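Q: Next comes the structure file model05.tsv, holding TSV, C-alpha atoms.
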chain	number	residue	atom	x	y	z
U	78	MET	CA	25.35	20.48	31.76
U	79	ASN	CA	27.45	18.78	29.05
U	80	GLU	CA	28.30	15.11	29.36
U	81	PRO	CA	32.04	14.33	29.66
U	82	THR	CA	33.69	13.09	26.48
U	83	PRO	CA	34.71	9.42	26.72
U	84	THR	CA	38.44	8.69	26.58
U	85	ALA	CA	40.30	5.61	25.37
U	86	THR	CA	40.20	4.21	28.88
U	87	GLU	CA	36.57	5.23	29.40
U	88	PRO	CA	34.56	3.52	26.60
U	89	THR	CA	31.07	4.63	25.70
U	90	ALA	CA	28.43	2.34	27.21
U	91	ALA	CA	26.42	0.55	24.58
U	92	ARG	CA	23.26	-1.46	24.59
U	93	PRO	CA	23.64	-5.18	24.11
U	94	ALA	CA	23.01	-6.34	20.56
U	95	ALA	CA	19.39	-7.01	19.76
U	96	ALA	CA	18.39	-10.56	20.57
U	97	GLY	CA	16.27	-12.82	18.40
U	98	PRO	CA	12.68	-13.83	19.14
U	99	ARG	CA	12.27	-15.76	22.36
U	100	ARG	CA	9.81	-18.52	23.14
U	101	GLY	CA	8.99	-19.52	26.65
U	102	VAL	CA	6.34	-20.45	29.16
U	103	ALA	CA	5.54	-17.98	31.94
U	104	ALA	CA	3.34	-19.15	34.81
U	105	GLY	CA	1.98	-21.86	32.53
U	106	VAL	CA	1.30	-19.51	29.60
U	107	PRO	CA	3.22	-20.02	26.34
U	108	TYR	CA	4.60	-16.82	24.85
U	109	LEU	CA	6.51	-15.47	21.87
U	110	ALA	CA	8.64	-12.40	22.63
U	111	LEU	CA	9.91	-10.11	19.87
U	112	PRO	CA	12.98	-8.14	20.97
U	113	PRO	CA	13.48	-4.36	21.03
U	114	ALA	CA	15.26	-3.08	17.93
U	115	GLY	CA	17.82	-1.16	19.96
U	116	GLY	CA	18.81	-4.11	22.14
U	117	PRO	CA	17.42	-5.00	25.57
U	118	THR	CA	18.22	-3.30	28.84
U	119	ALA	CA	16.84	-3.59	32.36
U	120	SER	CA	14.50	-0.67	31.64
U	121	THR	CA	13.25	-1.87	28.24
U	122	PRO	CA	9.44	-1.54	28.09
U	123	VAL	CA	7.24	-4.63	27.88
U	124	VAL	CA	4.15	-4.93	25.70
U	125	LEU	CA	1.84	-7.79	26.67
U	126	ALA	CA	-0.39	-8.80	23.75
U	127	TRP	CA	-3.32	-11.21	23.53
U	128	HIS	CA	-4.53	-12.47	20.15
U	129	LEU	CA	-8.02	-12.79	18.68
U	130	MET	CA	-10.10	-15.96	18.65
U	131	ASP	CA	-10.67	-15.17	14.96
U	132	ALA	CA	-7.70	-14.89	12.61
U	133	PRO	CA	-4.98	-14.30	13.78
U	134	ARG	CA	-5.75	-16.76	16.58
U	135	THR	CA	-2.27	-17.68	17.88
U	136	PRO	CA	0.65	-15.69	19.30
U	137	GLU	CA	2.70	-16.44	16.16
U	138	ALA	CA	-0.03	-15.27	13.79
U	139	PHE	CA	-0.83	-12.17	15.87
U	140	ALA	CA	2.87	-11.24	16.04
U	141	ALA	CA	3.06	-11.47	12.24
U	142	ALA	CA	-0.07	-9.35	11.81
U	143	LEU	CA	0.94	-6.73	14.40
U	144	PRO	CA	4.71	-6.93	14.87
U	145	LEU	CA	4.94	-3.32	16.17
U	146	ALA	CA	8.46	-3.40	14.82
U	147	GLY	CA	9.18	0.28	15.38
U	148	VAL	CA	8.41	0.11	19.09
U	149	ASP	CA	11.56	-0.16	21.20
U	150	ALA	CA	10.11	-2.75	23.57
U	151	TRP	CA	9.84	-6.44	24.20
U	152	ARG	CA	6.57	-7.37	22.47
U	153	VAL	CA	5.34	-10.45	24.30
U	154	HIS	CA	2.51	-12.33	22.61
U	155	LEU	CA	0.63	-14.59	25.01
U	156	GLU	CA	-1.56	-17.60	24.28
U	157	LEU	CA	-5.14	-17.16	25.44
U	158	PRO	CA	-6.67	-19.81	27.70
U	159	MET	CA	-8.59	-22.52	25.81
U	160	THR	CA	-6.66	-21.89	22.58
U	161	GLY	CA	-3.71	-23.53	20.85
U	162	SER	CA	-1.75	-25.76	23.19
U	163	ARG	CA	-4.18	-24.78	25.96
U	164	GLU	CA	-7.30	-26.11	24.23
U	165	PRO	CA	-9.55	-28.31	26.35
U	166	ALA	CA	-9.26	-32.05	25.93
U	167	GLY	CA	-11.98	-32.14	23.29
U	168	GLY	CA	-10.14	-29.69	21.04
U	169	PRO	CA	-11.97	-27.32	18.66
U	170	GLU	CA	-15.10	-29.47	18.81
U	171	GLU	CA	-15.34	-28.91	22.55
U	172	LEU	CA	-14.98	-25.15	22.10
U	173	VAL	CA	-17.84	-25.18	19.59
U	174	ALA	CA	-19.93	-27.25	21.99
U	175	ARG	CA	-19.21	-24.80	24.82
U	176	ALA	CA	-20.22	-21.86	22.64
U	177	GLN	CA	-23.45	-23.59	21.65
U	178	SER	CA	-24.25	-24.66	25.20
U	179	ASP	CA	-23.58	-21.32	26.96
U	180	ALA	CA	-21.08	-19.00	25.31
U	181	VAL	CA	-21.06	-16.60	28.26
U	182	LEU	CA	-20.55	-19.05	31.13
U	183	GLU	CA	-18.56	-21.74	29.33
U	184	LEU	CA	-16.40	-19.72	26.93
U	185	TYR	CA	-16.08	-15.94	27.28
U	186	GLY	CA	-16.31	-15.83	31.06
U	187	PRO	CA	-13.79	-18.62	31.79
U	188	ILE	CA	-11.28	-17.32	29.24
U	189	ALA	CA	-11.41	-13.82	30.71
U	190	GLN	CA	-11.29	-15.06	34.30
U	191	GLN	CA	-8.23	-17.23	33.76
U	192	ALA	CA	-6.31	-14.75	31.61
U	193	VAL	CA	-6.75	-11.92	34.11
U	194	ALA	CA	-5.93	-14.11	37.10
U	195	GLU	CA	-2.67	-15.34	35.58
U	196	ALA	CA	-1.48	-11.96	34.22
U	197	PRO	CA	0.50	-10.73	37.27
U	198	ALA	CA	2.50	-13.95	37.57
U	199	VAL	CA	3.00	-14.04	33.81
U	200	LEU	CA	4.40	-10.51	33.76
U	201	GLU	CA	6.68	-11.21	36.70
U	202	GLN	CA	8.19	-14.27	35.03
U	203	VAL	CA	8.42	-12.61	31.61
U	204	ARG	CA	10.36	-9.73	33.15
U	205	ALA	CA	12.70	-12.20	34.82
U	206	ASP	CA	13.12	-14.27	31.65
U	207	LEU	CA	13.87	-11.24	29.47
U	208	GLY	CA	15.91	-9.28	32.02
U	209	CYS	CA	13.73	-6.16	32.03
U	210	PRO	CA	12.48	-5.64	35.57
U	211	ASP	CA	12.18	-1.87	35.42
U	212	GLY	CA	10.56	-0.91	32.12
U	213	PRO	CA	7.06	0.49	31.63
U	214	LEU	CA	4.19	-1.74	30.52
U	215	ALA	CA	1.66	-1.50	27.70
U	216	LEU	CA	-1.27	-3.79	26.95
U	217	VAL	CA	-2.44	-4.78	23.47
U	218	GLY	CA	-5.28	-7.07	22.46
U	219	GLY	CA	-7.49	-8.05	19.57
U	220	SER	CA	-11.19	-8.94	19.98
U	221	MET	CA	-11.34	-11.39	22.94
U	222	GLY	CA	-7.71	-10.50	23.59
U	223	ALA	CA	-8.76	-6.85	23.83
U	224	ALA	CA	-11.36	-7.80	26.45
U	225	VAL	CA	-8.57	-9.49	28.40
U	226	ALA	CA	-6.36	-6.41	27.98
U	227	PHE	CA	-8.92	-3.97	29.34
U	228	LEU	CA	-9.79	-6.29	32.22
U	229	VAL	CA	-6.10	-6.63	33.12
U	230	LEU	CA	-5.85	-2.85	32.97
U	231	LEU	CA	-8.80	-2.38	35.33
U	232	GLU	CA	-8.32	-5.32	37.70
U	233	ALA	CA	-4.74	-6.59	37.83
U	234	GLY	CA	-3.03	-3.51	39.26
U	235	LEU	CA	-0.04	-3.76	36.94
U	236	GLY	CA	0.28	-0.04	36.26
U	237	ALA	CA	0.03	-0.03	32.47
U	238	ALA	CA	1.24	3.12	30.75
U	239	ALA	CA	-0.84	2.68	27.58
U	240	ALA	CA	-3.28	0.34	25.86
U	241	VAL	CA	-4.20	-0.56	22.28
U	242	LEU	CA	-7.51	-2.37	21.73
U	243	VAL	CA	-8.11	-3.69	18.20
U	244	SER	CA	-11.48	-4.98	16.90
U	245	PRO	CA	-12.21	-4.94	20.61
U	246	LEU	CA	-14.79	-6.89	22.55
U	247	LEU	CA	-15.80	-4.05	24.89
U	248	GLN	CA	-19.36	-5.06	25.78
U	249	LEU	CA	-20.28	-8.74	25.95
U	250	ARG	CA	-24.07	-8.39	26.00
U	251	PRO	CA	-24.51	-6.79	22.54
U	252	LEU	CA	-22.03	-9.30	21.09
U	253	VAL	CA	-23.99	-12.27	22.40
U	254	GLU	CA	-27.30	-10.80	21.32
U	255	SER	CA	-25.96	-9.96	17.86
U	256	PHE	CA	-24.73	-13.52	17.39
U	257	ALA	CA	-28.04	-14.89	18.68
U	258	ARG	CA	-30.00	-12.93	16.08
U	259	ARG	CA	-27.58	-13.94	13.34
U	260	TYR	CA	-28.09	-17.64	14.05
U	261	GLY	CA	-31.79	-17.41	14.85
U	262	VAL	CA	-31.55	-18.38	18.52
U	263	GLU	CA	-32.18	-16.64	21.81
U	264	TYR	CA	-29.66	-16.57	24.64
U	265	ALA	CA	-31.21	-17.17	28.07
U	266	TRP	CA	-29.57	-14.63	30.36
U	267	SER	CA	-29.17	-15.77	33.96
U	268	PRO	CA	-27.91	-13.90	37.03
U	269	ALA	CA	-24.51	-15.59	36.59
U	270	ALA	CA	-24.35	-14.57	32.91
U	271	ASP	CA	-25.46	-11.04	33.80
U	272	ALA	CA	-22.51	-10.83	36.20
U	273	VAL	CA	-20.07	-11.89	33.47
U	274	ALA	CA	-21.55	-9.35	31.06
U	275	ALA	CA	-21.27	-6.61	33.69
U	276	ARG	CA	-17.62	-7.44	34.20
U	277	LEU	CA	-16.98	-7.44	30.43
U	278	ASP	CA	-18.48	-3.98	29.90
U	279	ALA	CA	-15.73	-1.42	29.46
U	280	VAL	CA	-18.20	1.42	28.84
U	281	ALA	CA	-20.07	0.87	32.10
U	282	ARG	CA	-16.75	0.57	33.94
U	283	VAL	CA	-15.18	3.71	32.47
U	284	ALA	CA	-14.38	5.15	35.90
U	285	GLY	CA	-12.03	2.23	36.42
U	286	PHE	CA	-9.70	3.61	33.76
U	287	THR	CA	-9.14	6.67	35.94
U	288	VAL	CA	-8.52	4.47	38.97
U	289	ALA	CA	-5.94	2.62	36.85
U	290	GLY	CA	-4.04	5.88	36.23
U	291	ARG	CA	-5.80	7.31	33.16
U	292	PRO	CA	-3.60	5.44	30.65
U	293	PRO	CA	-3.85	6.61	27.03
U	294	VAL	CA	-6.12	4.23	25.10
U	295	LEU	CA	-6.18	3.65	21.34
U	296	LEU	CA	-9.28	1.94	19.93
U	297	VAL	CA	-9.06	0.52	16.40
U	298	VAL	CA	-12.12	-0.91	14.66
U	299	GLY	CA	-12.92	-1.91	11.10
U	300	ALA	CA	-15.50	0.13	9.23
U	301	ASP	CA	-17.02	-3.16	8.00
U	302	ASP	CA	-17.12	-4.85	11.41
U	303	ASP	CA	-20.42	-5.67	13.13
U	304	GLU	CA	-21.96	-2.34	14.15
U	305	GLU	CA	-23.82	-3.47	17.26
U	306	ALA	CA	-21.19	-5.85	18.61
U	307	PHE	CA	-18.00	-3.89	17.89
U	308	ARG	CA	-18.29	-0.49	16.18
U	309	ARG	CA	-20.92	1.00	18.46
U	310	PRO	CA	-19.23	-0.08	21.74
U	311	ALA	CA	-15.89	1.30	20.48
U	312	ALA	CA	-17.51	4.66	19.72
U	313	ALA	CA	-19.25	4.64	23.11
U	314	LEU	CA	-16.02	3.93	25.00
U	315	HIS	CA	-14.19	6.59	23.03
U	316	GLU	CA	-16.79	9.17	24.01
U	317	ALA	CA	-17.00	7.99	27.63
U	318	LEU	CA	-13.23	7.94	28.12
U	319	GLY	CA	-12.85	11.41	26.62
U	320	ALA	CA	-15.38	12.74	29.13
U	321	GLU	CA	-13.93	10.71	32.02
U	322	TYR	CA	-10.36	11.83	31.37
U	323	GLY	CA	-11.26	15.42	30.52
U	324	ASP	CA	-8.52	15.19	27.89
U	325	PRO	CA	-9.56	13.93	24.44
U	326	ALA	CA	-5.90	13.59	23.40
U	327	ARG	CA	-5.53	10.62	25.77
U	328	VAL	CA	-8.01	8.49	23.84
U	329	ARG	CA	-8.32	7.91	20.09
U	330	LEU	CA	-10.73	5.99	17.90
U	331	GLU	CA	-9.30	4.86	14.56
U	332	VAL	CA	-11.79	3.44	12.04
U	333	VAL	CA	-10.05	1.50	9.26
U	334	PRO	CA	-11.94	1.70	5.94
U	335	GLY	CA	-12.82	-1.63	4.35
U	336	MET	CA	-11.68	-3.70	7.37
U	337	GLY	CA	-13.92	-6.29	8.97
U	338	HIS	CA	-13.21	-8.03	12.25
U	339	ALA	CA	-10.24	-10.28	11.47
U	340	LEU	CA	-6.66	-9.06	11.03
U	341	ALA	CA	-5.39	-12.01	8.99
U	342	ASP	CA	-6.62	-14.48	6.41
U	343	GLU	CA	-7.89	-17.85	7.54
U	344	PRO	CA	-6.87	-20.17	9.03
U	345	GLY	CA	-4.92	-17.57	11.04
U	346	VAL	CA	-2.81	-20.10	12.95
U	347	ALA	CA	0.67	-19.76	11.47
U	348	ALA	CA	2.61	-16.56	10.82
U	349	ALA	CA	1.50	-15.15	7.47
U	350	PRO	CA	2.23	-12.06	5.34
U	351	GLN	CA	0.70	-8.92	6.78
U	352	THR	CA	-2.55	-7.88	5.11
U	353	PRO	CA	-2.99	-4.23	4.04
U	354	HIS	CA	-5.54	-3.69	6.83
U	355	ALA	CA	-3.24	-5.23	9.44
U	356	ALA	CA	-0.40	-3.04	8.18
U	357	ARG	CA	-2.57	0.03	8.75
U	358	VAL	CA	-3.50	-1.11	12.26
U	359	ASP	CA	0.13	-1.93	13.01
U	360	ALA	CA	1.32	1.52	11.96
U	361	VAL	CA	-1.31	3.34	14.05
U	362	ALA	CA	-0.67	1.12	17.07
U	363	ALA	CA	3.11	1.52	16.83
U	364	ASP	CA	2.78	5.31	16.63
U	365	TRP	CA	0.55	5.30	19.73
U	366	LEU	CA	2.94	3.18	21.75
U	367	ARG	CA	5.99	5.18	20.70
U	368	ALA	CA	4.24	8.32	21.88
U	369	HIS	CA	2.99	6.99	25.22
U	370	LEU	CA	5.14	4.02	26.33
U	371	ARG	CA	7.68	5.88	28.46
Let me see the structure of the file written as structure tokens.
A:
Amino acid sequence: MNEPTPTATEPTAARPAAAGPRRGVAAGVPYLALPPAGGPTASTPVVLAWHLMDAPRTPEAFAAALPLAGVDAWRVHLELPMTGSREPAGGPEELVARAQSDAVLELYGPIAQQAVAEAPAVLEQVRADLGCPDGPLALVGGSMGAAVAFLVLLEAGLGAAAAVLVSPLLQLRPLVESFARRYGVEYAWSPAADAVAARLDAVARVAGFTVAGRPPVLLVVGADDDEEAFRRPAAALHEALGAEYGDPARVRLEVVPGMGHALADEPGVAAAPQTPHAARVDAVAADWLRAHLR
């Protein structure tokens, strides 16, 4: 059926003009929101994104590395717990001390626990702040931020339509053991640490992706990243999700030649020009979200 032609007294409805970037604090979490190119509406999609703890390690730096500019959505970059303005009282030195004391129970576990717990309230306030209560949701994360993204997908019940996991921390145990060998130490696993590692194991929890609605998942990893800690878990999740979904088109593994773990040059705190590797990741991620964020 053809739409009626507007008359002089019946103007064509238009989207509001695109807004500029927005900064705010949602449920105690600082965020930087990049607006949709076409202008916001009540049904504009929302992309929640969590940065790496390597470069880029802030919302501003992650937004510069992966702006996802061609995605018609609010791209909301959130500050991870224990980073930036949310660092513990002792600052970076305390984070190093926590990692050296017990990286699982004093760093990775608490960051994941807090980020997942606060996500529903964060999304609710972000939607209210940006005036988009009805749009679909996607989750994006890099490294530790990717661990948060997959945990939010599996545990928070937010109904995400798609996910993009970059240089992703998908299995905590091989990461910890890889780091231990690199620095010539041995991590003493305890029942409490085992429980954290079990929670941060996307491959072992693959059935949870089906429970969460079988959202399309893009995995992006650097060809030069650590094989045991990052490349092998990404390949394992890709295979497991393809079998779990019964539809290989709903999961993709992109290996970026020449890329290591980071997506920006150090120090990775301020917004910086996009590196060639980040530009490649950004293009693949934007294509994935345009195809699936509906």
Q: Dump as a list in words all residues having an atom at most 10 Å from (-22.2, -9.6, 23.2), computed in the file's coordinates with all atoms listed in the file.
A: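 Final list of nearby residues, as requested, is Ala180, Val181, Tyr185, Leu246, Leu247, Gln248, Leu249, Arg250, Pro251, Leu252, Val253, Glu254, Ser255, Phe256, Ala257, Ala274, Leu277, Asp278, Glu305, Ala306 and Phe307 of chain U.
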Q: Can you tell me which residues surround stretch 202-205 of chain U at a distance of at most 10 Å, considering all atoms listed in the file, apart from same-chain residues fewer than 3 positions away, and format the answer as a PyMOL selection string?
A: chain U and resi 101-104+108+110+119+121-123+125+151+153+196-199+208-212
Q: Using all atoms listed in the file, which residues sit within 9 Å of stretch 225-239 of chain U once same-chain residues fewer than 2 positions away are excluded, as a PyMOL selection string?
A: chain U and resi 125-127+157+188-190+192-194+196-197+200+213-223+241-242+246-247+276-277+279+282+285-286+288-295+365-366+369-371
Q: Centre and edge lengths, as AutoDock Vina command-line options, for the axis-aligned box enclosing every listed atom of stretch 324-338 of chain U with 3 Å of padding on each of the six sides, in Å to one decimal?
A:
--center_x -9.7 --center_y 3.6 --center_z 16.1 --size_x 14.4 --size_y 29.2 --size_z 29.5
Q: Could you tell me which of U:Glu183, U:Glu156, U:Asp149, U:Asp131 comes closest to U:Asp364 if we count only C-alpha atoms?
A: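 When distances to U:Asp364 are compared using only C-alpha atoms, the smallest one comes from U:Asp149.
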Q: Sorted by chain and rising residue number, which residues of stretch 344-369 of chain U lie within 10 Å of stretch 323-333 of chain U, and what are their closest atom pairs and distances in Å to one decimal, counting all atoms listed in the file, as CSV?
A:
residue,atom,partner,partner_atom,distance
U:His354,CA,U:Val333,CA,7.3
U:Ala355,CA,U:Val333,CA,9.6
U:Arg357,CA,U:Val333,CA,7.6
U:Val358,CA,U:Val333,CA,7.7
U:Val361,CA,U:Glu331,CA,8.1
U:Ala362,CA,U:Glu331,CA,9.7
U:Trp365,CA,U:Arg329,CA,9.3
U:His369,CA,U:Arg327,CA,9.3
Q: Go ahead and save the picked residues with C-alpha atoms, as a compact mmCIF listing (two decimals), in the coordinates of the input.
A:
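Listing of out08.txt after writing:
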# COMPACT_ATOMS: atom_id res chain seq x y z
CA HIS U 354 -5.54 -3.69 6.83
CA ALA U 355 -3.24 -5.23 9.44
CA ARG U 357 -2.57 0.03 8.75
CA VAL U 358 -3.50 -1.11 12.26
CA VAL U 361 -1.31 3.34 14.05
CA ALA U 362 -0.67 1.12 17.07
CA TRP U 365 0.55 5.30 19.73
CA HIS U 369 2.99 6.99 25.22
Q: What does the distance from atom CA of U:Asp359 to atom CA of U:Pro144 come to in Å, to one decimal?
A: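 So the answer is 7.0 Å.
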Q: Restricting the calculation to only C-alpha atoms: of U:Ala320, U:Leu129, U:Leu111, U:Ala138, which residue gets closest to U:Pro350?
A: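 Of U:Ala320, U:Leu129, U:Leu111, U:Ala138, the one nearest U:Pro350 is U:Ala138, counting only C-alpha atoms.
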Q: Quote the spacing between atom CA of U:Val298 and atom CA of U:Thr352 in Å to one decimal place.
A: 15.2 Å
Q: Please report the interatomic distance between atom CA of U:Pro334 and atom CA of U:Pro353 in Å with one decimal.
A: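 Result for atom CA of U:Pro334 versus atom CA of U:Pro353: 10.9 Å, one decimal.
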Q: Using all atoms listed in the file, which residue out of U:Gly261, U:Gly147, U:Gly167, U:Pro344 lies closest to U:Ala363?
A: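 Once distances to U:Ala363 are computed over all atoms listed in the file, the minimum belongs to U:Gly147.
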Q: Hey, can you pull every residue with an atom no more than 7 Å from (-11.7, -6.3, 8.0), using all atoms listed in the file, and send it as an mmCIF file with C-alpha atoms, in the coordinates of the input?
A:
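out-v4.cif, written as the output of this step:
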data_model
loop_
_atom_site.group_PDB
_atom_site.id
_atom_site.type_symbol
_atom_site.label_atom_id
_atom_site.label_comp_id
_atom_site.auth_asym_id
_atom_site.auth_seq_id
_atom_site.Cartn_x
_atom_site.Cartn_y
_atom_site.Cartn_z
ATOM 1 C CA GLY U 299 -12.920 -1.910 11.100
ATOM 2 C CA ASP U 301 -17.020 -3.160 8.000
ATOM 3 C CA ASP U 302 -17.120 -4.850 11.410
ATOM 4 C CA GLY U 335 -12.820 -1.630 4.350
ATOM 5 C CA MET U 336 -11.680 -3.700 7.370
ATOM 6 C CA GLY U 337 -13.920 -6.290 8.970
ATOM 7 C CA HIS U 338 -13.210 -8.030 12.250
ATOM 8 C CA ALA U 339 -10.240 -10.280 11.470
ATOM 9 C CA LEU U 340 -6.660 -9.060 11.030
ATOM 10 C CA HIS U 354 -5.540 -3.690 6.830
#
Q: Counting all atoms listed in the file, figure out which residue out of U:Ala347, U:Ala265, U:Leu172, U:Ala312 gets nearest to U:Ser244.
A: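 Nearest candidate to U:Ser244 out of U:Ala347, U:Ala265, U:Leu172, U:Ala312: U:Ala312.
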Q: Could you tell me which of U:Ala356, U:Ala240, U:Ala224, U:Pro165 comes closest to U:Pro310 if we count only C-alpha atoms?
A: U:Ala224
Q: Using all atoms listed in the file for the distances, tell me which of U:Ala269, U:Val148, U:Ala114, U:Leu155 is nearest to U:Glu195.
A: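 Under the stated criterion, the closest residue is U:Leu155.
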